Amino acid sequence: MAANVTPVTPLIDWHTLLQVLYISAACSIGLVLLFTLGVYALSSFQHKGSAVLYRGVNGVAVALAAAGILATVVWGFYYIVQK
Amino acid sequence: MHNTFLLAVVVVVAIGFDFTNGFHDTANAVAPSIATGALKPRVAVLLSSVLNVVGALISLKVAATVASGIVSQGDIILPVVFAGLVGAIAWNVTTWYFAIPSSSSHALIGGVVGAMMAHAGAGSVLWSGIVGKVLAPSIAAPIFALVIAALATSMSRRLTRKSDDTTKSWGMKAGQIGSSSLLSIAHGTNDAQKTMGVITLALIANGTLGANGSTPMWVVLTCGVAIGLGTYFGGWRIIRTMGQGFTRLSPTQGFASQITSSAVILTSSHFGMPLSTTYVATGSILGSGIGTKKRSVRWSVAGRVGLAWLITLPSAALCGAISFYGAKLFGFSLGVVIIALLLALYCAIIYLRSRRDKINAANVNDRWGEHTEALEKVGAAEPPDTVHELVGV
């Protein structure tokens, strides 16, 4: 005979806390990495004397990083508005 | 008649709390930007105050009231709300004077809990809610932010080691402006709505609004303007502690700490986990110090701030309980006026005392230890040049 077991709500919601940790860590580190790569690429792009191809690749990297950051900020504002 | 008068006093005090919330929490969004020179101090607080107002206005879905799940909602009466707000304001003003970044939300929760215990006993407090919704996230938030910001700073520092200093500085400062703006708008949305929730609760308790009544527009506008004005006045003392006291921030650290704060706050908000903005921002700044080559952080300052966090809830609760008993002693209608006047007097005394060593936009970035008041003495023995040299990235 299975006894009636009342589900116990945990005092601390560890599952949600850990989710916050994982997701915010991924977002923060990902964004900082993206932005840092953009800054690194910009620094290389501005370096005179580099090969044209090298500068081109860096230019594209700067544009991609800037677009990624901009998209994230726009998403952040959108999320706050929608919340 | 009495109820309407009491309601008016509660609304005025709630708006006062919203104002203190603004100037107390300005530092969370702008301190790193000011410390690294990404934004001039006045420009930073102006931008933050405008975005706080925008944040308060863009979302009209009032979040669960601040005391939801913390105290028995059925026992709440107007004097409890009043005393809770008084406790929160008293604690906010005190910690501002001592330049300590502490949570305005926890001060409010503490104030309401104390007033509630004075009114209906300890049984009216949902202690499981205090542990699960307040204490656990309070401990977790700064640790999460600290670890993440340390990793992000360390990684960013290593990757840009060989980059041109001017480009790196310019890029990171530009990034800081974006992340600072995001933090300001998130703060306006979250914190202004807490006060809107308190006023709405008071209106419902008084019968002015129906049980399911929505927040009136005048409440939304007033709360938005109050938090914006508070932010514009700038809690320079706390900005100084967060920008200069814990560590000397470079643009790389400032950017990493602000991105971390934004990500942690927005993620926790998404999952309905109420984390304190102040604790997250403080943890991020400390983490960005740890992420530097020499892990340079003034732990003596951080320790004092941590101690203040530990006593925030009980201290605000004590203030709330005393306010409730005080108001009850004179009869609530006269009592709330007397307590409100005493609070105003206390705020005036604190303000005048703070003028002895005024911190403002002009000297907020002075080296740590150059001022004489309160927290400034802690960690002042540490030679600023050494800190600068260690942290300089």
# chains A, B, ... in the order shown; residues from 1 in each chain; ligands from 1
call {"tool": "interface_residues", "arguments": {"of": "chain A", "to": "chain B", "cutoff": "12 Å", "atoms": "only C-alpha atoms", "output": "PyMOL selection string"}}
result
chain A and resi 9-48+62+65-66+69-83
call {"tool": "select_by_dssp", "arguments": {"residues": "chain A", "states": "helix (DSSP H, G or I)", "output": "ChimeraX atom specification"}}
result
/A:14-46,52-82
call {"tool": "residues_around", "arguments": {"residues": "Pro32 of chain B", "least_positions_apart": "6", "cutoff": "12 Å", "atoms": "only C-alpha atoms", "output": "MDAnalysis selection string"}}
result
chainID B and resid 26 38:41 44 172:173 175:177 179:180 183 238:259 261 281:282 284:286 288:289 364:365
call {"tool": "write_last_selection", "arguments": {"atoms": "C-alpha atoms", "output": "PDB file, in the first residue's frame"}}
result
ATOM      1  CA  THR B  26      22.652  55.061  -7.757  1.00  0.00           C
ATOM      2  CA  ALA B  38      33.756  56.224 -18.796  1.00  0.00           C
ATOM      3  CA  LEU B  39      31.244  58.899 -17.833  1.00  0.00           C
ATOM      4  CA  LYS B  40      31.663  62.185 -15.992  1.00  0.00           C
ATOM      5  CA  PRO B  41      29.998  61.994 -12.552  1.00  0.00           C
ATOM      6  CA  ALA B  44      26.449  59.429 -15.186  1.00  0.00           C
ATOM      7  CA  MET B 172      35.794  49.079 -22.563  1.00  0.00           C
ATOM      8  CA  LYS B 173      34.554  52.525 -21.532  1.00  0.00           C
ATOM      9  CA  GLY B 175      30.880  49.087 -23.295  1.00  0.00           C
ATOM     10  CA  GLN B 176      30.469  50.410 -19.767  1.00  0.00           C
ATOM     11  CA  ILE B 177      28.055  53.099 -20.953  1.00  0.00           C
ATOM     12  CA  SER B 179      25.927  48.097 -19.452  1.00  0.00           C
ATOM     13  CA  SER B 180      25.426  50.992 -17.034  1.00  0.00           C
ATOM     14  CA  LEU B 183      21.468  48.361 -15.103  1.00  0.00           C
ATOM     15  CA  ILE B 238      28.224  55.122  -1.649  1.00  0.00           C
ATOM     16  CA  ILE B 239      29.386  55.720  -5.225  1.00  0.00           C
ATOM     17  CA  ARG B 240      32.786  56.495  -3.748  1.00  0.00           C
ATOM     18  CA  THR B 241      32.876  53.283  -1.695  1.00  0.00           C
ATOM     19  CA  MET B 242      31.881  51.119  -4.651  1.00  0.00           C
ATOM     20  CA  GLY B 243      34.084  52.915  -7.160  1.00  0.00           C
ATOM     21  CA  GLN B 244      37.191  53.491  -5.061  1.00  0.00           C
ATOM     22  CA  GLY B 245      36.854  51.629  -1.766  1.00  0.00           C
ATOM     23  CA  PHE B 246      36.949  47.983  -2.773  1.00  0.00           C
ATOM     24  CA  THR B 247      39.556  48.165  -5.487  1.00  0.00           C
ATOM     25  CA  ARG B 248      40.888  50.630  -8.045  1.00  0.00           C
ATOM     26  CA  LEU B 249      38.877  49.830 -11.146  1.00  0.00           C
ATOM     27  CA  SER B 250      40.323  49.774 -14.641  1.00  0.00           C
ATOM     28  CA  PRO B 251      37.977  50.040 -17.675  1.00  0.00           C
ATOM     29  CA  THR B 252      38.347  46.268 -18.232  1.00  0.00           C
ATOM     30  CA  GLN B 253      37.283  45.547 -14.646  1.00  0.00           C
ATOM     31  CA  GLY B 254      34.475  48.104 -14.798  1.00  0.00           C
ATOM     32  CA  PHE B 255      33.068  46.577 -17.977  1.00  0.00           C
ATOM     33  CA  ALA B 256      33.318  42.986 -16.716  1.00  0.00           C
ATOM     34  CA  SER B 257      31.701  43.870 -13.383  1.00  0.00           C
ATOM     35  CA  GLN B 258      28.809  45.764 -14.983  1.00  0.00           C
ATOM     36  CA  ILE B 259      28.089  43.056 -17.545  1.00  0.00           C
ATOM     37  CA  SER B 261      25.732  42.559 -12.612  1.00  0.00           C
ATOM     38  CA  ALA B 281      26.897  44.925  -7.915  1.00  0.00           C
ATOM     39  CA  THR B 282      29.179  44.765  -4.865  1.00  0.00           C
ATOM     40  CA  SER B 284      30.823  41.936  -9.170  1.00  0.00           C
ATOM     41  CA  ILE B 285      33.174  44.768  -8.240  1.00  0.00           C
ATOM     42  CA  LEU B 286      34.980  42.602  -5.685  1.00  0.00           C
ATOM     43  CA  SER B 288      36.702  42.209 -10.821  1.00  0.00           C
ATOM     44  CA  GLY B 289      39.383  43.036  -8.240  1.00  0.00           C
ATOM     45  CA  VAL B 364      34.082  61.332  -5.634  1.00  0.00           C
ATOM     46  CA  ASN B 365      37.128  59.938  -7.434  1.00  0.00           C
TER      47      ASN B 365
END
call {"tool": "atom_distance", "arguments": {"atom1": "atom CA of His371 of chain B", "atom2": "atom CA of Ser354 of chain B"}}
result
11.8 Å
